[in-house]
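**Q** Input structure: run_11.cif, which contains mmCIF, C-alpha atoms.
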data_upload
loop_
_atom_site.group_PDB
_atom_site.id
_atom_site.type_symbol
_atom_site.label_atom_id
_atom_site.label_comp_id
_atom_site.auth_asym_id
_atom_site.auth_seq_id
_atom_site.Cartn_x
_atom_site.Cartn_y
_atom_site.Cartn_z
ATOM 1 C CA MET E 1 -76.124 -9.670 -29.513
ATOM 2 C CA SER E 2 -76.768 -12.391 -32.090
ATOM 3 C CA ARG E 3 -80.253 -13.876 -32.101
ATOM 4 C CA LEU E 4 -82.025 -16.681 -33.943
ATOM 5 C CA ILE E 5 -85.817 -16.656 -34.318
ATOM 6 C CA GLY E 6 -87.703 -19.510 -36.024
ATOM 7 C CA TRP E 7 -91.210 -20.117 -37.324
ATOM 8 C CA ALA E 8 -92.964 -22.992 -39.065
ATOM 9 C CA VAL E 9 -92.947 -21.980 -42.740
ATOM 10 C CA ASP E 10 -96.753 -21.971 -42.932
ATOM 11 C CA VAL E 11 -97.418 -20.285 -39.533
ATOM 12 C CA PRO E 12 -95.623 -16.907 -39.373
ATOM 13 C CA GLU E 13 -97.629 -15.848 -36.306
ATOM 14 C CA VAL E 14 -96.099 -18.476 -34.007
ATOM 15 C CA VAL E 15 -92.450 -18.387 -32.970
ATOM 16 C CA VAL E 16 -91.094 -21.922 -32.444
ATOM 17 C CA PHE E 17 -87.493 -21.005 -31.604
ATOM 18 C CA ASP E 18 -85.944 -17.865 -30.109
ATOM 19 C CA SER E 19 -82.497 -17.645 -28.544
ATOM 20 C CA ARG E 20 -79.669 -15.184 -27.980
ATOM 21 C CA ARG E 21 -77.341 -17.825 -26.526
ATOM 22 C CA ALA E 22 -74.479 -18.434 -28.980
ATOM 23 C CA ALA E 23 -74.333 -22.175 -28.247
ATOM 24 C CA GLN E 24 -78.077 -22.607 -28.871
ATOM 25 C CA VAL E 25 -77.992 -20.429 -31.987
ATOM 26 C CA GLY E 26 -75.009 -22.348 -33.392
ATOM 27 C CA GLY E 27 -76.505 -25.720 -32.464
ATOM 28 C CA GLU E 28 -79.875 -25.035 -34.075
ATOM 29 C CA LEU E 29 -78.261 -23.682 -37.238
ATOM 30 C CA ALA E 30 -75.890 -26.667 -37.425
ATOM 31 C CA ARG E 31 -78.914 -29.008 -37.376
ATOM 32 C CA HIS E 32 -79.908 -27.353 -40.665
ATOM 33 C CA GLY E 33 -76.430 -27.292 -42.231
ATOM 34 C CA ILE E 34 -75.606 -23.651 -41.468
ATOM 35 C CA ALA E 35 -72.220 -22.937 -39.887
ATOM 36 C CA PHE E 36 -72.141 -20.093 -37.354
ATOM 37 C CA GLU E 37 -69.296 -18.848 -35.209
ATOM 38 C CA ARG E 38 -68.162 -15.762 -33.357
ATOM 39 C CA ARG E 39 -64.858 -14.281 -34.572
ATOM 40 C CA PRO E 40 -64.313 -10.719 -33.291
ATOM 41 C CA PRO E 41 -62.816 -8.522 -36.022
ATOM 42 C CA GLY E 42 -59.872 -6.181 -35.518
ATOM 43 C CA PRO E 43 -60.723 -2.866 -33.817
ATOM 44 C CA GLY E 44 -61.549 0.466 -35.453
ATOM 45 C CA LEU E 45 -62.545 -0.899 -38.861
ATOM 46 C CA ARG E 46 -65.164 1.722 -39.682
ATOM 47 C CA ASP E 47 -62.577 4.300 -40.771
ATOM 48 C CA LEU E 48 -60.196 1.919 -42.568
ATOM 49 C CA ASP E 49 -59.931 1.265 -46.294
ATOM 50 C CA ASP E 50 -60.228 -2.306 -47.606
ATOM 51 C CA GLU E 51 -56.481 -2.947 -47.620
ATOM 52 C CA ALA E 52 -56.168 -1.886 -43.982
ATOM 53 C CA ILE E 53 -59.157 -4.059 -43.011
ATOM 54 C CA PHE E 54 -57.505 -7.087 -44.637
ATOM 55 C CA ALA E 55 -54.251 -6.269 -42.825
ATOM 56 C CA ALA E 56 -56.006 -5.888 -39.453
ATOM 57 C CA ASN E 57 -57.621 -9.313 -39.911
ATOM 58 C CA ALA E 58 -54.863 -11.096 -41.865
ATOM 59 C CA HIS E 59 -54.420 -13.984 -39.427
ATOM 60 C CA ALA E 60 -58.147 -14.829 -39.341
ATOM 61 C CA VAL E 61 -58.537 -14.409 -43.108
ATOM 62 C CA ASP E 62 -55.559 -16.694 -43.819
ATOM 63 C CA GLU E 63 -56.885 -19.282 -41.368
ATOM 64 C CA MET E 64 -60.346 -19.238 -42.933
ATOM 65 C CA ARG E 65 -58.909 -19.387 -46.465
ATOM 66 C CA ARG E 66 -56.725 -22.409 -45.646
ATOM 67 C CA ALA E 67 -59.512 -24.247 -43.817
ATOM 68 C CA SER E 68 -62.178 -23.762 -46.491
ATOM 69 C CA GLY E 69 -60.402 -23.291 -49.822
ATOM 70 C CA PHE E 70 -61.727 -19.848 -50.648
ATOM 71 C CA VAL E 71 -60.461 -18.544 -53.993
ATOM 72 C CA SER E 72 -61.505 -14.936 -53.487
ATOM 73 C CA ILE E 73 -62.401 -12.639 -50.637
ATOM 74 C CA ASP E 74 -63.782 -9.126 -50.809
ATOM 75 C CA ILE E 75 -65.308 -6.483 -48.596
ATOM 76 C CA ALA E 76 -68.865 -5.215 -49.021
ATOM 77 C CA ARG E 77 -69.921 -1.930 -47.456
ATOM 78 C CA LEU E 78 -73.326 -0.330 -47.156
ATOM 79 C CA HIS E 79 -73.569 3.329 -46.105
ATOM 80 C CA GLU E 80 -76.506 5.718 -45.886
ATOM 81 C CA ASP E 81 -74.880 8.045 -48.434
ATOM 82 C CA THR E 82 -73.990 5.389 -51.026
ATOM 83 C CA PRO E 83 -76.336 5.835 -54.026
ATOM 84 C CA ALA E 84 -76.810 2.090 -54.666
ATOM 85 C CA THR E 85 -77.542 1.176 -51.030
ATOM 86 C CA ARG E 86 -81.349 1.288 -51.362
ATOM 87 C CA GLU E 87 -81.252 -0.780 -54.582
ATOM 88 C CA LEU E 88 -78.852 -3.359 -53.094
ATOM 89 C CA ARG E 89 -80.891 -3.715 -49.911
ATOM 90 C CA GLY E 90 -84.072 -4.200 -51.932
ATOM 91 C CA ARG E 91 -82.498 -6.818 -54.182
ATOM 92 C CA PHE E 92 -81.212 -8.934 -51.293
ATOM 93 C CA LEU E 93 -84.504 -8.689 -49.381
ATOM 94 C CA GLU E 94 -85.985 -10.943 -52.060
ATOM 95 C CA GLU E 95 -85.487 -14.622 -51.278
ATOM 96 C CA HIS E 96 -82.733 -16.024 -53.485
ATOM 97 C CA VAL E 97 -80.175 -18.833 -53.807
ATOM 98 C CA HIS E 98 -76.520 -18.937 -54.874
ATOM 99 C CA GLU E 99 -74.369 -21.480 -56.736
ATOM 100 C CA ASP E 100 -71.678 -21.090 -54.057
ATOM 101 C CA ASP E 101 -71.891 -21.151 -50.279
ATOM 102 C CA GLU E 102 -72.638 -17.684 -48.923
ATOM 103 C CA VAL E 103 -69.982 -17.018 -46.303
ATOM 104 C CA ARG E 104 -70.139 -13.663 -44.560
ATOM 105 C CA TRP E 105 -68.132 -12.245 -41.689
ATOM 106 C CA ILE E 106 -69.893 -9.197 -40.278
ATOM 107 C CA LEU E 107 -67.149 -6.713 -39.406
ATOM 108 C CA ASP E 108 -69.220 -3.644 -38.517
ATOM 109 C CA GLY E 109 -72.910 -3.000 -38.071
ATOM 110 C CA ALA E 110 -75.674 -5.593 -38.025
ATOM 111 C CA GLY E 111 -77.817 -7.532 -40.461
ATOM 112 C CA VAL E 112 -80.463 -10.237 -40.689
ATOM 113 C CA PHE E 113 -80.411 -13.407 -42.769
ATOM 114 C CA TRP E 114 -83.785 -15.070 -43.363
ATOM 115 C CA LEU E 115 -83.232 -18.783 -44.034
ATOM 116 C CA ARG E 116 -85.881 -21.197 -45.375
ATOM 117 C CA MET E 117 -85.084 -24.852 -44.692
ATOM 118 C CA ASP E 118 -86.630 -28.054 -43.395
ATOM 119 C CA GLY E 119 -90.158 -26.600 -43.143
ATOM 120 C CA ARG E 120 -89.007 -23.627 -41.085
ATOM 121 C CA VAL E 121 -88.013 -20.026 -41.610
ATOM 122 C CA PHE E 122 -85.314 -18.573 -39.393
ATOM 123 C CA ALA E 123 -84.220 -14.978 -38.923
ATOM 124 C CA LEU E 124 -80.566 -14.887 -37.904
ATOM 125 C CA CYS E 125 -79.822 -11.455 -36.464
ATOM 126 C CA CYS E 126 -76.067 -10.945 -36.838
ATOM 127 C CA GLU E 127 -73.715 -8.389 -35.365
ATOM 128 C CA ALA E 128 -70.045 -7.536 -35.770
ATOM 129 C CA GLY E 129 -68.017 -10.688 -35.177
ATOM 130 C CA ASP E 130 -70.555 -13.184 -36.511
ATOM 131 C CA VAL E 131 -69.446 -15.545 -39.284
ATOM 132 C CA VAL E 132 -72.216 -17.325 -41.188
ATOM 133 C CA SER E 133 -71.841 -20.000 -43.869
ATOM 134 C CA ILE E 134 -75.024 -20.741 -45.790
ATOM 135 C CA PRO E 135 -74.734 -23.775 -48.100
ATOM 136 C CA ALA E 136 -75.201 -23.281 -51.844
ATOM 137 C CA GLY E 137 -78.826 -23.608 -52.889
ATOM 138 C CA THR E 138 -80.279 -22.629 -49.495
ATOM 139 C CA PRO E 139 -83.155 -20.161 -49.988
ATOM 140 C CA HIS E 140 -82.473 -16.984 -48.019
ATOM 141 C CA ALA E 141 -82.780 -13.203 -47.917
ATOM 142 C CA PHE E 142 -80.687 -10.507 -46.217
ATOM 143 C CA ASP E 143 -80.982 -6.954 -44.949
ATOM 144 C CA ALA E 144 -78.623 -4.604 -43.191
ATOM 145 C CA VAL E 145 -80.371 -3.368 -40.058
ATOM 146 C CA THR E 146 -77.742 -0.786 -39.172
ATOM 147 C CA LEU E 147 -75.766 1.427 -41.489
ATOM 148 C CA PRO E 148 -72.927 1.653 -42.046
ATOM 149 C CA MET E 149 -72.416 -2.075 -42.336
ATOM 150 C CA THR E 150 -69.265 -3.839 -43.469
ATOM 151 C CA ALA E 151 -68.903 -7.542 -44.223
ATOM 152 C CA MET E 152 -66.129 -9.694 -45.606
ATOM 153 C CA ARG E 153 -67.361 -12.112 -48.262
ATOM 154 C CA PHE E 154 -65.634 -15.422 -49.028
ATOM 155 C CA PHE E 155 -66.040 -17.364 -52.307
ATOM 156 C CA ARG E 156 -65.006 -20.797 -53.585
ATOM 157 C CA VAL E 157 -66.603 -20.503 -57.028
ATOM 158 C CA PRO E 158 -65.920 -17.497 -59.292
ATOM 159 C CA GLY E 159 -69.282 -15.849 -59.924
ATOM 160 C CA GLY E 160 -71.006 -18.207 -57.463
ATOM 161 C CA TRP E 161 -72.288 -15.238 -55.488
ATOM 162 C CA THR E 162 -74.811 -14.257 -58.183
ATOM 163 C CA ALA E 163 -78.299 -14.282 -56.656
ATOM 164 C CA ARG E 164 -81.098 -16.249 -58.345
ATOM 165 C CA PRO E 165 -84.486 -15.059 -57.005
ATOM 166 C CA THR E 166 -87.022 -17.677 -55.897
ATOM 167 C CA GLY E 167 -90.047 -15.349 -55.941
ATOM 168 C CA ARG E 168 -90.804 -15.689 -52.214
ATOM 169 C CA ALA E 169 -90.976 -12.772 -49.764
ATOM 170 C CA LEU E 170 -89.531 -14.080 -46.481
ATOM 171 C CA ALA E 171 -88.615 -10.722 -44.965
ATOM 172 C CA GLN E 172 -92.122 -9.327 -45.420
ATOM 173 C CA VAL E 173 -93.915 -12.441 -44.110
ATOM 174 C CA PHE E 174 -91.563 -13.141 -41.185
ATOM 175 C CA PRO E 175 -90.672 -9.736 -39.737
ATOM 176 C CA ILE E 176 -87.975 -9.408 -37.141
ATOM 177 C CA PRO E 177 -88.809 -7.816 -33.778
ATOM 178 C CA GLU E 178 -88.492 -4.031 -33.566
ATOM 179 C CA GLU E 179 -85.810 -4.229 -30.862
ATOM 180 C CA VAL E 180 -83.472 -5.836 -33.407
ATOM 181 C CA ARG E 181 -83.662 -2.806 -35.726
#
Is it possible to express this structure as C-alpha cells?

**A**
Amino acid sequence: MSRLIGWAVDVPEVVVFDSRRAAQVGGELARHGIAFERRPPGPGLRDLDDEAIFAANAHAVDEMRRASGFVSIDIARLHEDTPATRELRGRFLEEHVHEDDEVRWILDGAGVFWLRMDGRVFALCCEAGDVVSIPAGTPHAFDAVTLPMTAMRFFRVPGGWTARPTGRALAQVFPIPEEVR
C-alpha cells in the first residue's frame, strides 16, 4: 500500500504527516506540485521482456504520452543478481535534481522517493501501480525497497534524466519505517 510520511526539514524526529489513504497522499503531494496517481499495470510483468511489457500496457502508455508530450519512454529494472544494482541504488540514494520532470510508473516491486520541498521532507513509499511525477529541479532521492523492481520512465527532454547531486543525505536522515522494507 502506498504511504506518504512527512517531517519538518530541520526536525527528523517528529512526523508531521503520515497517511496510507490514496486521496490524502495525492492531495498532500499536489499541494507541493507532485502528481500522484494509481494506474494498475498489466498482469504478470515480472517474467516479460521490455517489448512485451510495453505491449501489455500500450493503452496506458499511449494515453500518458499524448497527455504529457513524452518524447521517450524506457523500462528500468533492478534485480538482486544484476552487477550494477548496488552501485545504482547507492547513486540514487544521494539527494539529486534533474533537468526534466522525473516521471515513474512502478510496474513491479516497491520503492521510496524522498522529496525535499517547502520546508518539509516527505518519504513517498510506492508500490506497483503508482505513478509519480516530480517536477524538474525538485530535490529528491530514491531507493528500491524490494527487488526485483521494474519501473517505466517517461522523458520530455533528451538527457534530462541525468542526476545532479545536491550533497544532502535525505535517506539517511529521514529513515522510512521498518514495516515499509

**Q** Expand the PyMOL selection byres ((chain E and resi 41) around 6) into the individual residues it matches in the shown file, reporting them as a ChimeraX atom specification.

**A** /E:40,42,107,129

**Q** Got a sec: who's within 9 Å of Cys125 of chain E, counting all atoms listed in the file, leaving out chain neighbours fewer than 2 positions off, as a list of chain:residue names?

**A**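 Answer for this query is E:Met1, E:Ser2, E:Arg3, E:Leu4, E:Ile5, E:Ala110, E:Gly111, E:Val112, E:Phe113, E:Trp114, E:Ala123, E:Glu127, E:Val145, E:Ile176, E:Val180.
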
**Q** Given the PyMOL selection byres ((chain E and resi 99) around 7) and the file above, list the residues it selects as a PDB file with C-alpha atoms, keeping the file's coordinate frame.

**A**
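Final output, selection10.pdb:
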ATOM      1  CA  HIS E  98     -76.520 -18.937 -54.874  1.00  0.00           C
ATOM      2  CA  ASP E 100     -71.678 -21.090 -54.057  1.00  0.00           C
ATOM      3  CA  ASP E 101     -71.891 -21.151 -50.279  1.00  0.00           C
ATOM      4  CA  ALA E 136     -75.201 -23.281 -51.844  1.00  0.00           C
ATOM      5  CA  GLY E 137     -78.826 -23.608 -52.889  1.00  0.00           C
ATOM      6  CA  GLY E 160     -71.006 -18.207 -57.463  1.00  0.00           C
ATOM      7  CA  TRP E 161     -72.288 -15.238 -55.488  1.00  0.00           C
TER       8      TRP E 161
END

**Q** With distances taken over only C-alpha atoms, which of E:Leu48, E:Met152, E:Val71, E:Ala141 is nearest to Leu124 of chain E?

**A**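 Selected residue with least distance to Leu124 of chain E: E:Ala141.
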
**Q** For a test of reading the model, state the distance in Å between atom CA of His96 of chain E and atom CA of Val16 of chain E, rounded to one decimal.

**A**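 Atom CA of Val16 of chain E lies at a distance of 23.4 Å from atom CA of His96 of chain E.
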
**Q** Using the chain letters and numbers from the file, which residues does the PyMOL selection byres ((chain E and resi 52-59) around 10) grab, as a list in words?

**A** Pro40, Pro41, Gly42, Pro43, Gly44, Leu45, Arg46, Asp47, Leu48, Asp49, Asp50, Glu51, Ala60, Val61, Asp62, Glu63, Met64, Arg65, Ile73, Asp74, Ile75, Leu107 and Met152 of chain E

**Q** So that I can see what lies close to segment 166-175 of chain E, please list as an MDAnalysis selection string the residues with an atom at most 6 Å from it, counting all atoms listed in the file and leaving out residues fewer than 6 positions away in the same chain.

**A** chainID E and resid 12 94:96

**Q** Just checking: using all atoms listed in the file, which residue out of E:Arg66, E:Arg120, E:Arg91, E:Arg104 ends up closest to Arg164 of chain E?

**A**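 Under the stated criterion, the closest residue is E:Arg91.
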
**Q** Counting only C-alpha atoms, figure out which residue out of E:Ala8, E:Met117, E:Asp81, E:Phe92 gets nearest to Arg31 of chain E.

**A**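 The closest residue to Arg31 of chain E is E:Met117.
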
**Q** Quick one: pull the distance between atom CA of Asp108 of chain E and atom CA of Arg39 of chain E, Å, one decimal.

**A**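 Calculated distance between atom CA of Asp108 of chain E and atom CA of Arg39 of chain E is 12.2 Å.
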
**Q** Mind giving me the straight-line distance from atom CA of Gly33 of chain E to atom CA of Ser72 of chain E in Å, one decimal?

**A**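 So the two atoms, atom CA of Gly33 of chain E and atom CA of Ser72 of chain E, lie 22.4 Å apart.
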
**Q** Out of E:Arg156, E:His140, E:Arg38, E:Glu178, which residue has the shortest atom-to-atom distance to Ala67 of chain E when counting only C-alpha atoms?

**A**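 Closest to Ala67 of chain E of all the choices is E:Arg156.
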
**Q** Identify the residues around (-84.4, -28.7, -40.8) within a radius of 12 Å, measuring from only C-alpha atoms in the coordinates stated by the file, and give them as a CSV table (one decimal) with C-alpha atoms, in the frame of the given file.

**A**
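The resulting point.csv:
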chain,number,residue,atom,x,y,z
E,6,GLY,CA,-87.7,-19.5,-36.0
E,7,TRP,CA,-91.2,-20.1,-37.3
E,8,ALA,CA,-93.0,-23.0,-39.1
E,9,VAL,CA,-92.9,-22.0,-42.7
E,27,GLY,CA,-76.5,-25.7,-32.5
E,28,GLU,CA,-79.9,-25.0,-34.1
E,29,LEU,CA,-78.3,-23.7,-37.2
E,30,ALA,CA,-75.9,-26.7,-37.4
E,31,ARG,CA,-78.9,-29.0,-37.4
E,32,HIS,CA,-79.9,-27.4,-40.7
E,33,GLY,CA,-76.4,-27.3,-42.2
E,34,ILE,CA,-75.6,-23.7,-41.5
E,115,LEU,CA,-83.2,-18.8,-44.0
E,116,ARG,CA,-85.9,-21.2,-45.4
E,117,MET,CA,-85.1,-24.9,-44.7
E,118,ASP,CA,-86.6,-28.1,-43.4
E,119,GLY,CA,-90.2,-26.6,-43.1
E,120,ARG,CA,-89.0,-23.6,-41.1
E,121,VAL,CA,-88.0,-20.0,-41.6
E,122,PHE,CA,-85.3,-18.6,-39.4
E,138,THR,CA,-80.3,-22.6,-49.5

**Q** If I wrap all listed atoms of segment 52-55 of chain E in a box with edges along x, y and z and add 5 Å on each side, what are its centre and edge lengths in Å to one decimal, as lines of an AutoDock Vina configuration file?

**A**
center_x = -56.7
center_y = -4.5
center_z = -43.7
size_x = 14.9
size_y = 15.2
size_z = 11.8

**Q** Give the answer as one residue: which of E:Ile106, E:Phe17, E:Gly26, E:Cys126 has the shortest atom-to-atom distance to Leu78 of chain E, using all atoms listed in the file?

**A**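 Residue with the minimum atom-to-atom distance to Leu78 of chain E: E:Ile106.
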
**Q** Considering only C-alpha atoms, can you say which of E:Val157, E:Met149, E:Val25, E:Ala144 comes closest to Ser68 of chain E?

**A**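 Using only C-alpha atoms, the shortest distance to Ser68 of chain E belongs to E:Val157.
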
**Q** Show me the residues around (-67.9, -19.2, -37.6) - criterion: an atom at most 8 Å away, all atoms listed in the file counted - as a short mmCIF file (atom, residue, chain, number, x, y, z; two decimals) with C-alpha atoms, in the frame of the given file.

**A**
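File produced: part-v5.cif:
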data_model
loop_
_atom_site.label_atom_id
_atom_site.label_comp_id
_atom_site.auth_asym_id
_atom_site.auth_seq_id
_atom_site.Cartn_x
_atom_site.Cartn_y
_atom_site.Cartn_z
CA ALA E 35 -72.22 -22.94 -39.89
CA PHE E 36 -72.14 -20.09 -37.35
CA GLU E 37 -69.30 -18.85 -35.21
CA ARG E 38 -68.16 -15.76 -33.36
CA ARG E 39 -64.86 -14.28 -34.57
CA ASP E 130 -70.56 -13.18 -36.51
CA VAL E 131 -69.45 -15.54 -39.28
CA VAL E 132 -72.22 -17.32 -41.19
CA SER E 133 -71.84 -20.00 -43.87
#
